[in-house]
>>> print(open('entry24.cif').read())   # mmCIF, C-alpha atoms and all ligand atoms
data_run
loop_
_atom_site.label_atom_id
_atom_site.label_comp_id
_atom_site.auth_asym_id
_atom_site.auth_seq_id
_atom_site.Cartn_x
_atom_site.Cartn_y
_atom_site.Cartn_z
CA MET H 706 6.94 16.40 -9.18
CA ASN H 707 4.42 14.62 -11.39
CA ARG H 708 3.79 12.01 -8.72
CA PRO H 709 2.91 12.08 -5.01
CA TYR H 710 5.67 12.44 -2.40
CA ILE H 711 6.09 8.95 -0.95
CA ILE H 712 6.80 8.30 2.72
CA CYS H 713 7.52 4.65 3.44
CA HIS H 714 6.09 4.22 6.95
CA MET H 715 6.84 0.84 8.54
CA VAL H 716 7.38 -1.06 11.77
CA THR H 717 10.76 -2.79 11.60
CA SER H 718 12.64 -5.19 13.83
CA ILE H 719 16.11 -4.28 15.11
CA ASP H 720 17.51 -6.30 12.22
CA GLY H 721 15.53 -4.38 9.58
CA LYS H 722 12.80 -6.93 8.88
CA VAL H 723 9.16 -5.98 8.26
CA THR H 724 7.24 -9.25 7.87
CA GLY H 725 6.81 -12.34 10.00
CA ASP H 726 5.72 -13.48 13.44
CA PHE H 727 7.69 -10.83 15.35
CA LEU H 728 4.99 -8.30 14.35
CA PHE H 729 2.47 -10.13 16.51
CA GLY H 730 4.74 -10.77 19.51
CA LYS H 731 4.83 -8.91 22.84
CA GLY H 732 8.07 -7.16 21.86
CA CYS H 733 6.32 -5.38 19.00
CA ALA H 734 3.09 -4.27 20.69
CA LEU H 735 4.24 -0.79 21.75
CA ALA H 736 5.89 -0.17 18.38
CA THR H 737 2.62 -1.02 16.65
CA ASP H 738 0.72 1.51 18.82
CA VAL H 739 3.31 4.19 18.09
CA TYR H 740 3.16 3.30 14.37
CA TYR H 741 -0.61 3.94 14.23
CA ARG H 742 -0.26 7.22 16.11
CA ILE H 743 2.40 8.47 13.69
CA ASN H 744 0.33 7.26 10.75
CA ARG H 745 -2.32 9.84 11.62
CA ARG H 746 0.19 12.60 12.29
CA LEU H 747 1.76 12.27 8.84
CA LYS H 748 -1.42 13.72 7.31
CA ALA H 749 -1.06 12.09 3.92
CA ASP H 750 -3.79 11.81 1.27
CA GLY H 751 -3.88 8.06 1.79
CA PHE H 752 -1.84 4.90 2.00
CA ILE H 753 -0.60 2.29 -0.45
CA CYS H 754 -0.20 -1.45 0.20
CA GLY H 755 0.65 -4.50 -1.86
CA ARG H 756 -2.00 -7.12 -2.58
CA VAL H 757 -0.75 -9.50 0.14
CA THR H 758 -0.94 -6.84 2.87
CA MET H 759 -4.40 -5.68 1.77
CA GLU H 760 -5.60 -9.28 1.89
CA GLY H 761 -4.13 -9.88 5.35
CA SER H 762 -5.27 -6.60 6.87
CA PHE H 763 -8.59 -5.84 5.20
CA THR H 764 -10.20 -8.35 2.81
CA GLY H 765 -9.42 -11.53 4.78
CA GLY H 766 -9.30 -13.63 1.60
CA TYR H 767 -12.91 -12.92 0.53
CA TYR H 768 -13.44 -13.15 -3.23
CA PRO H 769 -16.69 -12.43 -5.10
CA ASP H 770 -18.44 -14.84 -7.47
CA LEU H 771 -17.42 -13.15 -10.71
CA SER H 772 -20.08 -15.02 -12.73
CA LYS H 773 -22.60 -12.52 -11.29
CA TYR H 774 -20.92 -9.56 -12.99
CA PRO H 775 -20.86 -8.38 -16.60
CA THR H 776 -17.58 -8.50 -18.45
CA VAL H 777 -16.19 -5.06 -19.11
CA SER H 778 -14.84 -5.56 -22.62
CA HIS H 779 -11.16 -6.04 -23.21
CA GLY H 780 -11.21 -3.95 -26.38
CA ALA H 781 -9.49 -0.58 -26.61
CA GLU H 782 -12.11 0.87 -24.31
CA ALA H 783 -11.44 -1.73 -21.61
CA LYS H 784 -8.20 -0.01 -20.76
CA ALA H 785 -10.13 3.04 -19.66
CA ASP H 786 -9.80 3.81 -15.97
CA PHE H 787 -12.99 3.86 -13.91
CA ILE H 788 -13.41 6.96 -11.77
CA PRO H 789 -16.69 7.50 -9.90
CA LYS H 790 -17.89 11.06 -9.30
CA LYS H 791 -15.71 12.93 -6.83
CA GLU H 792 -18.66 13.56 -4.52
CA ASP H 793 -19.20 9.78 -4.22
CA MET H 794 -15.68 9.20 -2.90
CA SER H 795 -14.02 10.01 0.41
CA ASN H 796 -10.84 12.08 0.05
CA PHE H 797 -8.56 9.72 2.00
CA TYR H 798 -7.44 6.79 -0.15
CA ALA H 799 -6.51 3.15 0.40
CA VAL H 800 -4.54 2.30 -2.72
CA ALA H 801 -4.26 -1.43 -3.50
CA PHE H 802 -1.53 -2.57 -5.91
CA ASP H 803 -3.38 -5.64 -7.18
CA THR H 804 -1.82 -6.80 -10.48
CA ASN H 805 -4.49 -9.31 -11.54
CA GLY H 806 -7.50 -8.21 -9.51
CA ARG H 807 -7.27 -10.78 -6.73
CA LEU H 808 -8.71 -8.69 -3.91
CA GLY H 809 -12.35 -9.11 -2.93
CA TRP H 810 -13.80 -6.02 -1.30
CA GLN H 811 -17.19 -5.99 0.40
CA SER H 812 -17.55 -2.21 0.27
CA ALA H 813 -15.97 0.71 -1.58
CA ARG H 814 -14.39 2.01 1.62
CA ILE H 815 -12.16 0.35 4.18
CA ILE H 816 -14.01 -1.04 7.14
CA ASP H 817 -11.52 -1.33 9.97
CA PRO H 818 -12.97 -3.38 12.81
CA ASP H 819 -10.91 -1.29 15.25
CA GLY H 820 -12.45 1.89 13.79
CA ASP H 821 -8.92 3.21 13.39
CA ILE H 822 -9.25 6.63 11.77
CA GLY H 823 -5.87 6.00 10.14
CA TYR H 824 -7.68 3.52 7.87
CA ASP H 825 -11.40 3.38 8.55
CA GLY H 826 -13.53 4.94 5.83
CA ALA H 827 -10.64 5.25 3.35
CA GLN H 828 -11.77 5.18 -0.28
CA ILE H 829 -10.39 2.07 -1.97
CA ILE H 830 -8.58 2.54 -5.30
CA GLU H 831 -7.55 -0.56 -7.25
CA VAL H 832 -4.34 -0.27 -9.29
CA LEU H 833 -4.36 -3.01 -11.94
CA SER H 834 -2.43 -4.35 -14.88
CA GLU H 835 -4.38 -5.00 -18.09
CA ASP H 836 -4.02 -8.73 -17.36
CA VAL H 837 -7.26 -8.83 -15.40
CA ASP H 838 -10.56 -10.69 -15.85
CA GLY H 839 -13.11 -8.33 -17.43
CA ARG H 840 -15.72 -9.55 -14.94
CA TYR H 841 -13.56 -8.27 -12.09
CA LEU H 842 -13.86 -4.82 -13.66
CA GLY H 843 -17.65 -5.31 -13.79
CA TYR H 844 -17.56 -6.23 -10.10
CA LEU H 845 -15.49 -3.13 -9.18
CA GLN H 846 -17.86 -0.90 -11.15
CA ALA H 847 -20.87 -2.43 -9.41
CA MET H 848 -19.17 -1.79 -6.06
CA GLY H 849 -18.31 1.81 -7.01
CA ILE H 850 -14.59 1.11 -6.54
CA PRO H 851 -12.36 3.22 -8.78
CA TYR H 852 -9.64 1.46 -10.76
CA ILE H 853 -6.70 2.61 -12.83
CA PHE H 854 -4.49 0.66 -15.22
CA ALA H 855 -0.72 0.97 -14.90
CA GLY H 856 0.84 -1.65 -17.14
CA GLU H 857 0.16 -4.54 -19.48
CA LYS H 858 1.22 -7.60 -17.45
CA ALA H 859 2.73 -5.94 -14.37
CA ILE H 860 2.17 -2.65 -12.59
CA ASP H 861 4.62 0.11 -13.42
CA VAL H 862 5.04 2.04 -10.19
CA ASN H 863 5.68 5.45 -11.74
CA THR H 864 2.75 5.17 -14.18
CA ALA H 865 0.48 4.34 -11.24
CA LEU H 866 1.81 7.22 -9.14
CA SER H 867 1.46 9.80 -11.88
CA LYS H 868 -2.22 8.76 -12.32
CA LEU H 869 -2.80 8.94 -8.56
CA LYS H 870 -1.59 12.53 -8.71
CA SER H 871 -3.32 13.64 -11.91
CA ILE H 872 -6.66 11.86 -11.39
CA PHE H 873 -7.08 11.86 -7.60
CA GLY H 874 -4.89 14.85 -6.70
CA CYS H 875 -2.74 12.87 -4.26
CA ASP H 876 0.24 15.00 -3.15
CA THR H 877 1.56 12.75 -0.37
CA LEU H 878 0.98 9.04 0.11
CA LEU H 879 2.21 6.62 2.73
CA LEU H 880 3.77 3.41 1.44
CA GLU H 881 2.85 0.85 4.09
CA GLY H 882 4.24 -2.44 2.89
CA GLY H 883 4.89 -5.14 2.72
CA SER H 884 8.40 -5.95 1.71
CA ILE H 885 7.70 -6.82 -1.95
CA ILE H 886 5.78 -3.66 -2.88
CA ASN H 887 8.25 -1.51 -0.90
CA GLY H 888 11.07 -3.08 -2.94
CA ALA H 889 9.28 -2.30 -6.22
CA PHE H 890 8.90 1.37 -5.17
CA GLN H 891 12.51 1.60 -4.00
CA ARG H 892 13.87 0.19 -7.27
CA ALA H 893 11.61 2.61 -9.20
CA GLY H 894 13.17 5.52 -7.29
CA ALA H 895 9.79 6.30 -5.74
CA VAL H 896 10.66 6.41 -2.02
CA ASP H 897 11.27 10.01 -0.90
CA GLU H 898 11.22 9.54 2.85
CA LEU H 899 11.38 6.77 5.44
CA SER H 900 9.47 6.73 8.72
CA LEU H 901 10.71 3.68 10.61
CA VAL H 902 9.33 2.61 13.95
CA THR H 903 11.83 0.13 15.32
CA ALA H 904 10.50 -2.52 17.69
CA PRO H 905 13.11 -3.67 20.21
CA THR H 906 13.02 -7.20 18.89
CA VAL H 907 14.83 -9.42 16.42
CA ALA H 908 12.75 -11.10 13.72
CA GLY H 909 12.72 -14.85 13.28
CA GLU H 910 13.23 -16.93 10.18
CA ASN H 911 11.22 -16.26 7.03
CA SER H 912 11.00 -12.53 7.70
CA SER H 913 11.61 -10.18 4.78
CA PRO H 914 13.56 -6.92 4.78
CA LEU H 915 12.17 -3.39 4.49
CA PHE H 916 12.83 -3.51 0.73
CA TYR H 917 12.74 -6.85 -1.05
CA HIS H 918 15.32 -6.99 -3.89
CA SER H 919 16.57 -3.47 -3.20
CA ASP H 920 19.10 -1.27 -5.01
CA ILE H 921 21.78 0.68 -3.16
CA MET H 922 20.38 4.14 -2.30
CA ASP H 923 21.50 6.82 0.18
CA PHE H 924 19.27 8.60 2.66
CA GLU H 925 19.91 11.43 5.14
CA LEU H 926 18.86 11.20 8.77
CA LYS H 927 16.20 13.85 9.46
CA SER H 928 15.31 12.93 13.06
CA ALA H 929 15.77 10.24 15.67
CA GLU H 930 13.28 10.26 18.53
CA THR H 931 11.82 7.88 21.03
CA GLU H 932 8.22 7.49 22.07
CA ASP H 933 7.18 4.99 24.75
CA GLY H 934 10.67 3.51 24.55
CA VAL H 935 10.39 2.90 20.83
CA LEU H 936 12.88 4.36 18.35
CA ILE H 937 11.45 6.44 15.49
CA LEU H 938 13.78 7.27 12.63
CA ARG H 939 13.00 9.67 9.79
CA TYR H 940 15.20 9.75 6.70
CA THR H 941 14.88 11.73 3.49
CA ARG H 942 16.31 10.58 0.18
CA LYS H 943 19.71 12.12 -0.47
CA SER H 944 19.42 14.38 -3.52
CA LEU H 945 20.83 12.83 -6.66
N1 LIG N 1 6.05 -4.00 9.34
C1 LIG N 1 5.05 -3.30 8.85
O1 LIG N 1 4.87 -2.12 9.19
C2 LIG N 1 4.13 -3.95 7.87
C3 LIG N 1 3.22 -3.17 7.13
C4 LIG N 1 2.43 -3.80 6.19
C5 LIG N 1 2.52 -5.18 5.98
N2 LIG N 1 3.40 -5.90 6.72
C6 LIG N 1 3.52 -7.36 6.52
O2 LIG N 1 3.87 -7.59 5.16
C7 LIG N 1 3.38 -8.88 4.79
C8 LIG N 1 3.12 -8.94 3.31
O3 LIG N 1 4.26 -8.46 2.61
P1 LIG N 1 4.74 -9.10 1.25
O4 LIG N 1 6.08 -8.52 0.97
O5 LIG N 1 4.62 -10.57 1.32
O6 LIG N 1 3.65 -8.63 0.18
P2 LIG N 1 3.10 -7.17 -0.22
O7 LIG N 1 4.24 -6.27 -0.51
O8 LIG N 1 2.08 -6.75 0.75
O9 LIG N 1 2.32 -7.52 -1.57
C9 LIG N 1 3.04 -7.98 -2.68
C10 LIG N 1 2.11 -8.13 -3.86
O10 LIG N 1 1.76 -6.85 -4.38
C11 LIG N 1 1.38 -7.02 -5.74
N3 LIG N 1 2.02 -6.04 -6.61
C12 LIG N 1 1.36 -5.14 -7.38
N4 LIG N 1 2.21 -4.42 -8.10
C13 LIG N 1 3.44 -4.83 -7.82
C14 LIG N 1 4.71 -4.45 -8.29
N5 LIG N 1 4.88 -3.47 -9.19
N6 LIG N 1 5.78 -5.12 -7.82
C15 LIG N 1 5.63 -6.09 -6.90
N7 LIG N 1 4.42 -6.50 -6.41
C16 LIG N 1 3.33 -5.88 -6.87
C17 LIG N 1 1.75 -8.44 -6.13
O11 LIG N 1 0.55 -9.17 -6.07
P3 LIG N 1 0.24 -10.46 -7.00
O12 LIG N 1 0.99 -11.57 -6.37
O13 LIG N 1 -1.22 -10.60 -6.93
O14 LIG N 1 0.76 -10.10 -8.37
C18 LIG N 1 2.70 -8.85 -5.03
O15 LIG N 1 2.74 -10.25 -4.80
C19 LIG N 1 2.13 -9.06 5.61
O16 LIG N 1 2.07 -10.38 6.06
C20 LIG N 1 2.22 -8.06 6.76
O17 LIG N 1 2.26 -8.69 8.01
C21 LIG N 1 4.20 -5.31 7.64
#
>>> encode(input="entry24.cif", output="structure tokens")
Amino acid sequence: MNRPYIICHMVTSIDGKVTGDFLFGKGCALATDVYYRINRRLKADGFICGRVTMEGSFTGGYYPDLSKYPTVSHGAEAKADFIPKKEDMSNFYAVAFDTNGRLGWQSARIIDPDGDIGYDGAQIIEVLSEDVDGRYLGYLQAMGIPYIFAGEKAIDVNTALSKLKSIFGCDTLLLEGGSIINGAFQRAGAVDELSLVTAPTVAGENSSPLFYHSDIMDFELKSAETEDGVLILRYTRKSL
């Protein structure tokens, strides 16, 4: 496979939703603990999230003053990916799908206030479209944050994944939401396995499903277990 194996690892409600207030309610607390435990057990090379999830979980809406950074030219050369030396990066990756460079990072590695080893210290990689302010590239370079281009106006999932494999050597990555980025991966045929931790709760209004705008796709049940009263389902993609 010329891309990493993708395991979509998510907390879901009984009714298959993955976003919204239910995630922060009492009914979801145990499922969240179990989710983090499994996260570590899956032993992937890193995790992928959409821009909205990265903002909510890690950057908190911070954005740098781009006027302080040089523009990395938008000529032919501008489309070159930026890859710091291997020895300057950690080998567990936090991959941000950030079409227009809207995420403001304050360090090149994830700082998780909970010190969760599932995330803390992960090397950030920005996946961008070419529709990005050249000064944002200057900012990423100054921060030592690697970036790769994967499309002109939008990010092509398979282009991004093949670069994550060939440049960073990622063999397995966790896809950890939210709904919109999961949907883009599912429609691109880039979800190989599901790891669903089902909280015993029903989501409220304005919650989105596991895959936003999904296509029909069959999976095979690999295991069904419980841990602390929480259901954990593993599915693999049915071979085509
Ligand atoms: N249940 C769980 O286990 C779990 C896990 C993680 C997150 N969440 C929840 O998920 C919520 C956010 O989910 P969300 O669905 O709103 O957003 P999301 O999937 O986190 O992020 C979507 C964004 O990703 C960017 N993106 C980059 N490439 C893309 C592509 N090829 N296709 C589509 N989008 C692409 C776009 O950013 P631009 O708009 O900048 O173009 C898009 O708006 C959070 O509030 C969090 O609570 C739940």
>>> residues_near_ligand(input="entry24.cif", ligand="ligand LIG 1 (chain N)", cutoff="9 Å", atoms="all atoms listed in the file", output="PyMOL selection string")
chain H and resi 714-718+722-726+728-729+737+740+754-762+801-808+832-834+859-862+880-890+901-902+912-917
>>> atom_distance(input="entry24.cif", atom1="CA of Thr877 (chain H)", atom2="CA of Gln891 (chain H)")
16.0 Å
>>> closest_atom_pairs(input="entry24.cif", of="region 777-851 of chain H", to="region 741-752 of chain H", cutoff="10 Å", atoms="only C-alpha atoms", output="JSON lines")
{"residue": "H:Asn796", "atom": "CA", "partner": "H:Asp750", "partner_atom": "CA", "distance": 7.2}
{"residue": "H:Phe797", "atom": "CA", "partner": "H:Gly751", "partner_atom": "CA", "distance": 5.0}
{"residue": "H:Tyr798", "atom": "CA", "partner": "H:Gly751", "partner_atom": "CA", "distance": 4.2}
{"residue": "H:Ala799", "atom": "CA", "partner": "H:Phe752", "partner_atom": "CA", "distance": 5.2}
{"residue": "H:Val800", "atom": "CA", "partner": "H:Phe752", "partner_atom": "CA", "distance": 6.0}
{"residue": "H:Ala801", "atom": "CA", "partner": "H:Phe752", "partner_atom": "CA", "distance": 8.7}
{"residue": "H:Asp821", "atom": "CA", "partner": "H:Tyr741", "partner_atom": "CA", "distance": 8.4}
{"residue": "H:Ile822", "atom": "CA", "partner": "H:Arg745", "partner_atom": "CA", "distance": 7.6}
{"residue": "H:Gly823", "atom": "CA", "partner": "H:Arg745", "partner_atom": "CA", "distance": 5.4}
{"residue": "H:Tyr824", "atom": "CA", "partner": "H:Phe752", "partner_atom": "CA", "distance": 8.4}
{"residue": "H:Ala827", "atom": "CA", "partner": "H:Gly751", "partner_atom": "CA", "distance": 7.5}
{"residue": "H:Gln828", "atom": "CA", "partner": "H:Gly751", "partner_atom": "CA", "distance": 8.7}
{"residue": "H:Ile829", "atom": "CA", "partner": "H:Gly751", "partner_atom": "CA", "distance": 9.6}
>>> residues_around(input="entry24.cif", residues="Met848 (chain H)", least_positions_apart="4", cutoff="12 Å", atoms="all atoms listed in the file", output="number ranges by chain")
H: 769, 774, 787-789, 793-794, 809-814, 828-831, 841-844, 852
>>> closest_residue(input="entry24.cif", among="H:Gln846, H:Asp836, H:Gly934, H:Phe854", to="Gly732 (chain H)", atoms="only C-alpha atoms")
H:Gly934
>>> atom_distance(input="entry24.cif", atom1="CA of Thr764 (chain H)", atom2="CA of Asp819 (chain H)")
14.3 Å
>>> residues_around(input="entry24.cif", residues="Glu925 (chain H)", least_positions_apart="3", cutoff="10 Å", atoms="all atoms listed in the file", output="JSON, numbers by chain")
{"H": [898, 899, 928, 939, 940, 941, 942, 943, 944]}
>>> atom_distance(input="entry24.cif", atom1="CA of Glu910 (chain H)", atom2="CA of Ala895 (chain H)")
28.4 Å
>>> closest_residue(input="entry24.cif", among="H:Arg840, H:Lys927, H:Pro818, H:Pro905", to="Ser772 (chain H)", atoms="all atoms listed in the file")
H:Arg840
>>> residues_around(input="entry24.cif", residues="Leu879 (chain H)", least_positions_apart="4", cutoff="6 Å", atoms="only C-alpha atoms", output="MDAnalysis selection string")
chainID H and resid 711:713 752
>>> closest_residue(input="entry24.cif", among="H:Arg708, H:Lys791, H:Lys731, H:Lys868", to="Gly849 (chain H)", atoms="all atoms listed in the file")
H:Lys791
>>> residues_around(input="entry24.cif", residues="Asp817 (chain H)", least_positions_apart="6", cutoff="8 Å", atoms="only C-alpha atoms", output="ChimeraX atom specification")
/H:763,824-826
>>> closest_residue(input="entry24.cif", among="H:Gly766, H:Ser871, H:Gly839, H:Ala855", to="Pro709 (chain H)", atoms="all atoms listed in the file")
H:Ser871
